[in-house]
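A.B. asks: Below you'll find coords-v3.txt; it's compact mmCIF, C-alpha atoms (C1' of nucleotides).
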```txt
# COMPACT_ATOMS: atom_id res chain seq x y z
CA MET G 20 2.06 -10.10 9.62
CA LYS G 21 3.75 -12.31 12.18
CA SER G 22 7.05 -13.94 11.43
CA LEU G 23 7.03 -17.66 10.85
CA ILE G 24 10.22 -18.56 12.61
CA LYS G 25 11.03 -18.41 16.26
CA SER G 26 14.01 -19.27 18.33
CA ASP G 27 13.71 -22.37 20.47
CA THR G 28 13.64 -22.18 24.24
CA LYS G 29 17.35 -21.58 24.53
CA GLY G 30 17.52 -19.18 21.64
CA ARG G 31 19.70 -21.62 19.71
CA LYS G 32 18.29 -22.71 16.44
CA LYS G 33 15.31 -21.41 14.57
CA VAL G 34 12.05 -23.29 14.40
CA LEU G 35 9.19 -23.06 11.97
CA GLU G 36 5.87 -22.24 13.52
CA PRO G 37 3.00 -24.26 12.12
CA CYS G 38 0.03 -22.28 10.91
CA LEU G 39 -3.27 -23.51 12.27
CA GLU G 40 -5.76 -21.52 10.24
CA PRO G 41 -8.50 -23.70 8.82
CA CYS G 42 -8.68 -21.91 5.47
CA PRO G 43 -5.93 -23.21 3.19
CA ILE G 44 -5.73 -19.99 1.22
CA GLU G 45 -5.21 -18.11 4.42
CA ARG G 46 -2.45 -20.51 5.39
CA GLY G 47 -0.88 -20.17 2.00
CA MET G 48 -0.86 -16.42 2.27
CA ARG G 49 0.75 -16.61 5.66
CA LEU G 50 3.43 -18.85 4.25
CA LEU G 51 4.29 -16.67 1.31
CA GLY G 52 2.71 -13.33 2.01
CA ALA G 53 5.33 -11.70 4.20
CA LYS G 54 6.72 -8.48 2.91
CA TRP G 55 9.43 -8.99 0.24
CA LYS G 56 9.19 -12.74 0.44
CA ALA G 57 7.66 -13.46 -2.94
CA SER G 58 9.84 -10.83 -4.49
CA ILE G 59 12.99 -12.36 -3.07
CA LEU G 60 12.01 -15.84 -4.14
CA TRP G 61 11.29 -14.53 -7.58
CA HIS G 62 14.79 -13.21 -8.00
CA LEU G 63 16.27 -16.56 -7.04
CA LYS G 64 14.32 -18.70 -9.42
CA ASP G 65 16.69 -18.62 -12.37
CA GLN G 66 20.17 -18.27 -11.03
CA PRO G 67 21.95 -18.31 -7.72
CA VAL G 68 22.39 -14.80 -6.39
CA ARG G 69 24.77 -13.40 -3.85
CA PHE G 70 23.50 -11.78 -0.72
CA ASN G 71 24.42 -8.19 -1.39
CA ASP G 72 23.40 -8.42 -5.02
CA LEU G 73 20.04 -9.67 -3.92
CA ALA G 74 19.67 -6.91 -1.39
CA ARG G 75 20.39 -4.42 -4.12
CA MET G 76 17.92 -6.03 -6.49
CA ILE G 77 15.15 -5.70 -3.93
CA GLY G 78 15.51 -1.97 -3.71
CA GLY G 79 13.69 -0.73 -0.67
CA ALA G 80 14.25 -3.65 1.63
CA SER G 81 16.97 -3.33 4.20
CA LYS G 82 19.63 -6.02 4.46
CA LYS G 83 18.12 -7.00 7.74
CA MET G 84 14.78 -7.75 6.10
CA VAL G 85 16.36 -9.62 3.23
CA ASP G 86 18.32 -11.67 5.71
CA GLN G 87 15.26 -12.42 7.79
CA ARG G 88 13.15 -13.47 4.83
CA LEU G 89 15.95 -15.60 3.47
CA LYS G 90 16.17 -17.45 6.77
CA GLU G 91 12.45 -18.11 6.69
CA LEU G 92 12.62 -19.32 3.14
CA GLU G 93 15.52 -21.53 4.05
CA ALA G 94 13.63 -23.00 7.00
CA GLN G 95 10.75 -23.61 4.64
CA LYS G 96 13.09 -25.42 2.26
CA MET G 97 12.27 -23.01 -0.49
CA VAL G 98 15.72 -21.55 -0.75
CA LYS G 99 19.13 -23.11 -0.47
CA ARG G 100 22.13 -21.29 0.90
CA THR G 101 25.55 -22.17 -0.39
CA VAL G 102 28.88 -20.92 0.87
CA LEU G 103 31.23 -20.48 -2.04
CA SER G 104 34.27 -19.42 -0.09
CA GLU G 105 35.40 -18.09 3.25
CA ARG G 106 37.76 -15.18 3.42
CA PRO G 107 36.71 -13.40 1.38
CA ILE G 108 33.37 -14.90 2.20
CA ALA G 109 30.96 -15.48 -0.63
CA VAL G 110 27.48 -16.90 -0.35
CA VAL G 111 24.79 -17.60 -2.89
CA TYR G 112 21.12 -18.28 -2.51
CA GLN G 113 18.92 -20.12 -4.97
CA ALA G 114 15.38 -21.34 -5.10
CA THR G 115 14.87 -25.05 -4.54
CA ASP G 116 12.44 -27.04 -6.65
CA PHE G 117 9.93 -26.61 -3.89
CA GLY G 118 10.50 -22.90 -3.91
CA LYS G 119 9.96 -22.85 -7.63
CA SER G 120 6.74 -24.78 -7.22
CA ALA G 121 5.59 -22.05 -4.88
CA LEU G 122 6.35 -19.46 -7.49
CA SER G 123 4.52 -21.33 -10.19
CA VAL G 124 1.52 -21.26 -7.95
CA LEU G 125 1.79 -17.50 -7.74
CA GLU G 126 2.09 -17.12 -11.49
CA PRO G 127 -1.68 -16.63 -11.97
CA LEU G 128 -1.58 -13.91 -9.37
CA LEU G 129 1.16 -12.22 -11.34
CA LYS G 130 -0.87 -12.35 -14.55
CA TRP G 131 -3.96 -11.14 -12.77
CA THR G 132 -2.16 -8.21 -11.20
CA GLU G 133 -0.78 -7.12 -14.53
CA LYS G 134 -3.96 -7.68 -16.43
CA HIS G 135 -5.88 -5.36 -14.16
CA HIS G 136 -3.08 -2.80 -13.95
CA LEU G 137 -2.73 -3.19 -10.22
CA MET Z 7 1.64 -5.31 6.64
CA LYS Z 8 0.43 -1.78 6.14
CA SER Z 9 -3.21 -1.11 5.47
CA LEU Z 10 -4.20 -0.22 1.95
CA ILE Z 11 -6.75 2.42 2.71
CA LYS Z 12 -6.28 5.79 4.26
CA SER Z 13 -8.55 8.64 5.13
CA ASP Z 14 -8.30 11.67 2.93
CA THR Z 15 -6.96 14.96 4.22
CA LYS Z 16 -10.11 15.77 6.11
CA GLY Z 17 -10.68 12.30 7.40
CA ARG Z 18 -13.85 12.02 5.35
CA LYS Z 19 -13.88 9.22 2.89
CA LYS Z 20 -11.43 6.42 2.50
CA VAL Z 21 -8.93 6.28 -0.30
CA LEU Z 22 -7.04 3.38 -1.81
CA GLU Z 23 -3.29 3.71 -1.67
CA PRO Z 24 -1.59 2.63 -4.86
CA CYS Z 25 1.19 0.08 -4.46
CA LEU Z 26 4.39 1.07 -6.20
CA GLU Z 27 6.43 -2.08 -5.92
CA PRO Z 28 7.99 -3.07 -9.23
CA CYS Z 29 7.46 -6.81 -8.75
CA PRO Z 30 3.88 -7.71 -9.73
CA ILE Z 31 3.76 -10.69 -7.42
CA GLU Z 32 4.78 -8.48 -4.56
CA ARG Z 33 2.03 -6.04 -5.46
CA GLY Z 34 -0.46 -8.85 -5.75
CA MET Z 35 0.45 -10.11 -2.32
CA ARG Z 36 0.04 -6.66 -0.87
CA LEU Z 37 -3.37 -6.41 -2.43
CA LEU Z 38 -4.65 -9.72 -1.15
CA GLY Z 39 -2.22 -10.79 1.50
CA ALA Z 40 -3.53 -8.90 4.51
CA LYS Z 41 -4.53 -11.01 7.43
CA TRP Z 42 -7.98 -12.61 7.02
CA LYS Z 43 -8.54 -10.97 3.67
CA ALA Z 44 -8.45 -14.02 1.45
CA SER Z 45 -10.36 -15.97 4.01
CA ILE Z 46 -13.13 -13.38 4.15
CA LEU Z 47 -13.37 -13.14 0.41
CA TRP Z 48 -13.56 -16.90 0.23
CA HIS Z 49 -16.62 -17.00 2.43
CA LEU Z 50 -18.39 -14.47 0.25
CA LYS Z 51 -17.90 -16.17 -3.06
CA ASP Z 52 -21.03 -18.29 -3.15
CA GLN Z 53 -23.69 -16.43 -1.24
CA PRO Z 54 -24.21 -13.08 0.37
CA VAL Z 55 -23.39 -13.21 4.04
CA ARG Z 56 -24.40 -10.98 6.89
CA PHE Z 57 -21.82 -9.15 8.91
CA ASN Z 58 -22.09 -10.98 12.18
CA ASP Z 59 -22.42 -14.33 10.49
CA LEU Z 60 -19.25 -13.61 8.63
CA ALA Z 61 -17.43 -12.55 11.75
CA ARG Z 62 -18.47 -15.81 13.35
CA MET Z 63 -17.35 -17.84 10.34
CA ILE Z 64 -13.89 -16.33 10.52
CA GLY Z 65 -13.33 -17.55 14.03
CA GLY Z 66 -10.36 -15.76 15.49
CA ALA Z 67 -10.75 -12.43 13.80
CA SER Z 68 -12.30 -9.63 15.80
CA LYS Z 69 -15.24 -7.69 14.38
CA LYS Z 70 -12.94 -4.76 14.03
CA MET Z 71 -10.64 -6.69 11.76
CA VAL Z 72 -13.46 -8.11 9.71
CA ASP Z 73 -14.88 -4.65 9.32
CA GLN Z 74 -11.56 -3.22 8.28
CA ARG Z 75 -10.86 -5.89 5.71
CA LEU Z 76 -14.36 -5.58 4.33
CA LYS Z 77 -13.86 -1.88 3.80
CA GLU Z 78 -10.63 -2.52 1.97
CA LEU Z 79 -12.27 -5.15 -0.18
CA GLU Z 80 -15.10 -2.78 -0.90
CA ALA Z 81 -12.72 -0.01 -1.88
CA GLN Z 82 -11.01 -2.51 -4.15
CA LYS Z 83 -14.34 -3.37 -5.71
CA MET Z 84 -13.98 -6.97 -4.71
CA VAL Z 85 -16.91 -7.00 -2.36
CA LYS Z 86 -20.26 -5.36 -2.52
CA ARG Z 87 -22.14 -4.19 0.52
CA THR Z 88 -25.92 -4.20 0.49
CA VAL Z 89 -28.26 -2.84 3.10
CA LEU Z 90 -31.30 -5.07 3.33
CA SER Z 91 -33.18 -3.08 5.91
CA GLU Z 92 -32.82 -0.44 8.54
CA ARG Z 93 -34.28 -0.87 11.96
CA PRO Z 94 -33.57 -3.65 12.53
CA ILE Z 95 -30.57 -3.06 10.36
CA ALA Z 96 -29.46 -5.88 8.14
CA VAL Z 97 -26.50 -5.85 5.80
CA VAL Z 98 -25.04 -8.42 3.49
CA TYR Z 99 -21.72 -8.67 1.77
CA GLN Z 100 -20.95 -10.59 -1.37
CA ALA Z 101 -18.00 -11.03 -3.68
CA THR Z 102 -18.18 -9.15 -6.95
CA ASP Z 103 -17.10 -10.79 -10.20
CA PHE Z 104 -13.79 -9.07 -9.78
CA GLY Z 105 -13.50 -10.44 -6.29
CA LYS Z 106 -14.22 -13.89 -7.61
CA SER Z 107 -11.56 -13.48 -10.26
CA ALA Z 108 -9.10 -12.75 -7.47
CA LEU Z 109 -10.12 -15.95 -5.74
CA SER Z 110 -9.75 -17.99 -8.87
CA VAL Z 111 -6.23 -16.71 -9.07
CA LEU Z 112 -5.58 -17.97 -5.58
CA GLU Z 113 -7.00 -21.38 -6.32
CA PRO Z 114 -3.60 -22.85 -7.29
CA LEU Z 115 -2.21 -21.60 -4.03
CA LEU Z 116 -5.00 -23.41 -2.25
CA LYS Z 117 -4.23 -26.67 -4.03
CA TRP Z 118 -0.54 -26.28 -3.43
CA THR Z 119 -1.02 -25.65 0.27
CA GLU Z 120 -3.15 -28.73 0.65
CA LYS Z 121 -0.98 -30.93 -1.50
CA HIS Z 122 2.06 -30.25 0.65
CA HIS Z 123 0.11 -30.45 3.89
CA LEU Z 124 0.95 -26.91 4.85
C1' DC H 15 -27.79 -5.98 14.19
C1' DG H 16 -23.81 -3.71 12.40
C1' DG H 17 -20.72 -1.39 13.46
C1' DT H 18 -17.33 2.45 16.47
C1' DA H 19 -14.48 4.06 20.09
C1' DT H 20 -10.92 3.30 23.14
C1' DC H 21 -7.04 1.44 24.84
C1' DC H 22 -3.14 -1.41 24.68
C1' DT H 23 0.47 -4.53 23.34
C1' DC H 24 3.60 -6.36 20.41
C1' DT H 25 6.47 -6.76 16.65
C1' DA H 26 7.43 -5.92 12.00
C1' DC H 27 10.14 -3.00 9.77
C1' DG H 28 13.58 0.56 9.02
C1' DA H 29 18.19 3.23 9.75
C1' DT H 30 22.53 3.03 11.08
C1' DA H 31 26.64 1.31 12.74
C1' DC H 32 29.56 -2.33 13.36
C1' DT H 33 32.19 -7.00 12.93
C1' DG H 34 34.76 -11.35 11.33
C1' DC A 5 31.31 -9.65 1.65
C1' DA A 6 27.77 -11.33 4.55
C1' DG A 7 25.81 -10.59 7.89
C1' DT A 8 24.68 -8.91 13.34
C1' DA A 9 23.66 -5.46 16.97
C1' DT A 10 21.15 -1.76 18.52
C1' DC A 11 17.72 1.42 18.66
C1' DG A 12 13.50 3.63 17.45
C1' DT A 13 8.77 4.02 15.51
C1' DA A 14 4.53 3.23 13.39
C1' DG A 15 0.82 0.78 13.09
C1' DA A 16 -1.26 -3.85 12.89
C1' DG A 17 -4.03 -6.35 15.41
C1' DG A 18 -6.63 -7.74 19.75
C1' DA A 19 -10.07 -7.02 23.90
C1' DT A 20 -13.70 -4.79 25.52
C1' DA A 21 -17.27 -1.66 25.89
C1' DC A 22 -20.47 1.06 23.85
C1' DC A 23 -24.00 3.13 20.39
C1' DG A 24 -27.93 4.03 17.00
```
Show me, as structure tokens, the structure contained in the file I just sent.
C.D. replies:
Amino acid sequence: MKSLIKSDTKGRKKVLEPCLEPCPIERGMRLLGAKWKASILWHLKDQPVRFNDLARMIGGASKKMVDQRLKELEAQKMVKRTVLSERPIAVVYQATDFGKSALSVLEPLLKWTEKHHL
Amino acid sequence: MKSLIKSDTKGRKKVLEPCLEPCPIERGMRLLGAKWKASILWHLKDQPVRFNDLARMIGGASKKMVDQRLKELEAQKMVKRTVLSERPIAVVYQATDFGKSALSVLEPLLKWTEKHHL
DNA sequence: CGGTATCCTCTACGATACTG
DNA sequence: CAGTATCGTAGAGGATACCG
């Protein structure tokens, strides 16, 4: 599925692409359905997590992917990035309230998946 | 995102690939998150719909895509295909109870998307 | 009508190496 | 540690034409 963020004309900052699909479920899926996205958000719901720790938690996703998804989530205001210290640099990510609201919306999906052993 | 169905060794019938991700939300998204999938299912929840009608309803998706998603949904037992008549051939698709249960699980996502004007 | 077949493009995703 | 750069590939997805 297509990425949601693009660089602006000069390649400077990242911009969120609006989704124009008429069906709201479809739009919702596009917003949250990217590979690893829900999983990443899930791991950030309870405590702030450092980048490499997160990457390790999501076994299977490369750092590049984790990074990319995190940037999307940040642009979507679902995740907040905090720099704890430079040199040695330390960064943590955590789900915002909005991000948590997204997760709560996915909770039924979680139950459903488990219930049917999928 | 990768397709969920593959041909068997001899290219005969289609087989459902199991998803091995540990996170149930992630798995759920993989099951339902493919492009157009939720949207298609949505249109089949109330009445049976014929193939071409469906393709027209999902403006933007090619027949090929609609066909592909329908086959996945069928393999997942979320949609039932019924041949009404040959020559002229007529086929309808409708959501099974299981398919409807999947939709009900996505209902909160729908509300959430609308509430936040996404 | 309900699909297939073909061709093509694009980009998501992965592996690896590297940097401040 | 927290990323970025680079490169390579598979396959998702689209356009169009065709078929029984």
A.B. asks: In the coordinates of the file, take the point (12.7, -23.2, -5.7) and a cut-off of 8 Å; then, counting only C-alpha atoms (C1' of nucleotides), name each qualifying protein, DNA or RNA residue as a list in words.
C.D. replies: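 Selection result: Leu60, Leu63, Lys64, Met97, Val98, Gln113, Ala114, Thr115, Asp116, Phe117, Gly118, Lys119, Ser120, Ala121 and Leu122 of chain G.
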A.B. asks: May I have the protein, DNA and RNA residues with an atom at most 9 Å from (-19.1, -5.8, 13.4), counting only C-alpha atoms (C1' of nucleotides) in the file's coordinates, returned as an MDAnalysis selection string?
C.D. replies: (chainID Z and resid 57:58 61 68:73) or (chainID H and resid 15:18)
A.B. asks: Show me, as CSV, the residues of chain G having an atom within 7 Å of chain Z, each with the closest atom pair and its distance in Å, using only C-alpha atoms.
C.D. replies:
```
residue,atom,partner,partner_atom,distance
G:Met20,CA,Z:Met7,CA,5.7
G:Cys42,CA,Z:Ser45,CA,6.3
G:Pro43,CA,Z:Leu116,CA,5.5
G:Ile44,CA,Z:Leu116,CA,4.9
G:Glu45,CA,Z:Ser45,CA,5.6
G:Gly47,CA,Z:Thr119,CA,5.7
G:Met48,CA,Z:Gly39,CA,5.8
G:Gly52,CA,Z:Gly39,CA,5.6
G:Trp55,CA,Z:Glu32,CA,6.7
G:Ala57,CA,Z:Glu32,CA,6.0
G:Ser58,CA,Z:Glu32,CA,5.6
G:Val124,CA,Z:Pro114,CA,5.4
G:Leu125,CA,Z:Leu115,CA,6.8
G:Pro127,CA,Z:Val111,CA,5.4
G:Leu128,CA,Z:Val111,CA,5.4
G:Leu129,CA,Z:Ile31,CA,4.9
G:Thr132,CA,Z:Gly34,CA,5.7
G:Glu133,CA,Z:Pro30,CA,6.7
```
A.B. asks: May I have the selected residues written with C-alpha atoms, as an mmCIF file, in the coordinates of the input?
C.D. replies:
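Dumped to part.cif:
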```cif
data_model
loop_
_atom_site.group_PDB
_atom_site.id
_atom_site.type_symbol
_atom_site.label_atom_id
_atom_site.label_comp_id
_atom_site.auth_asym_id
_atom_site.auth_seq_id
_atom_site.Cartn_x
_atom_site.Cartn_y
_atom_site.Cartn_z
ATOM 1 C CA MET G 20 2.060 -10.100 9.620
ATOM 2 C CA CYS G 42 -8.680 -21.910 5.470
ATOM 3 C CA PRO G 43 -5.930 -23.210 3.190
ATOM 4 C CA ILE G 44 -5.730 -19.990 1.220
ATOM 5 C CA GLU G 45 -5.210 -18.110 4.420
ATOM 6 C CA GLY G 47 -0.880 -20.170 2.000
ATOM 7 C CA MET G 48 -0.860 -16.420 2.270
ATOM 8 C CA GLY G 52 2.710 -13.330 2.010
ATOM 9 C CA TRP G 55 9.430 -8.990 0.240
ATOM 10 C CA ALA G 57 7.660 -13.460 -2.940
ATOM 11 C CA SER G 58 9.840 -10.830 -4.490
ATOM 12 C CA VAL G 124 1.520 -21.260 -7.950
ATOM 13 C CA LEU G 125 1.790 -17.500 -7.740
ATOM 14 C CA PRO G 127 -1.680 -16.630 -11.970
ATOM 15 C CA LEU G 128 -1.580 -13.910 -9.370
ATOM 16 C CA LEU G 129 1.160 -12.220 -11.340
ATOM 17 C CA THR G 132 -2.160 -8.210 -11.200
ATOM 18 C CA GLU G 133 -0.780 -7.120 -14.530
#
```
A.B. asks: So which residues touch Arg69 (chain G) within 7 Å, counting all atoms listed in the file, skipping near sequence neighbours fewer than 2 positions away, as JSON, numbers by chain?
C.D. replies: {"G": [67, 71, 72, 73, 110, 111, 112]}
A.B. asks: Pull out every residue of chain H that has at least one atom within 10 Å of chain G, counting all atoms listed in the file, and report them as a short mmCIF file (atom, residue, chain, number, x, y, z; two decimals) with C-alpha atoms (C1' of nucleotides), keeping the file's coordinate frame.
C.D. replies:
```
data_model
loop_
_atom_site.label_atom_id
_atom_site.label_comp_id
_atom_site.auth_asym_id
_atom_site.auth_seq_id
_atom_site.Cartn_x
_atom_site.Cartn_y
_atom_site.Cartn_z
"C1'" DT H 25 6.47 -6.76 16.65
"C1'" DA H 26 7.43 -5.92 12.00
"C1'" DC H 27 10.14 -3.00 9.77
"C1'" DG H 28 13.58 0.56 9.02
"C1'" DA H 29 18.19 3.23 9.75
"C1'" DG H 34 34.76 -11.35 11.33
#
```
A.B. asks: Distance CA of Glu23 (chain Z)-C1' of DA16 (chain A), one decimal place?
C.D. replies: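 That distance, rounded to one decimal, is 16.5 Å.
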A.B. asks: Select all residues from chain A having any atom no more than 10 Å from an atom of chain G (counting only C-alpha atoms (C1' of nucleotides), ignoring ligands), output as a compact mmCIF listing (two decimals) with C-alpha atoms (C1' of nucleotides), in the coordinates of the input.
C.D. replies:
```txt
# COMPACT_ATOMS: atom_id res chain seq x y z
C1' DC A 5 31.31 -9.65 1.65
C1' DA A 6 27.77 -11.33 4.55
C1' DG A 7 25.81 -10.59 7.89
C1' DT A 8 24.68 -8.91 13.34
C1' DA A 16 -1.26 -3.85 12.89
C1' DG A 17 -4.03 -6.35 15.41
```
A.B. asks: Report the distance between CA of Glu80 (chain Z) and C1' of DA21 (chain A) in Å, rounded to one decimal place.
C.D. replies: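 About the pair CA of Glu80 (chain Z) and C1' of DA21 (chain A): they are 26.9 Å apart.
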A.B. asks: Tell me which protein, DNA and RNA residues are within 10 Å of DT10 (chain A), counting only C-alpha atoms (C1' of nucleotides), leaving out same-chain ones fewer than 5 positions away, and put them as a list in words.
C.D. replies: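 Counting only the stated atoms, we get DT30, DA31 and DC32 of chain H.
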A.B. asks: By how many Å are CA of Leu76 (chain Z) and C1' of DC22 (chain A) apart?
C.D. replies: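 Result for CA of Leu76 (chain Z) versus C1' of DC22 (chain A): 21.5 Å, one decimal.
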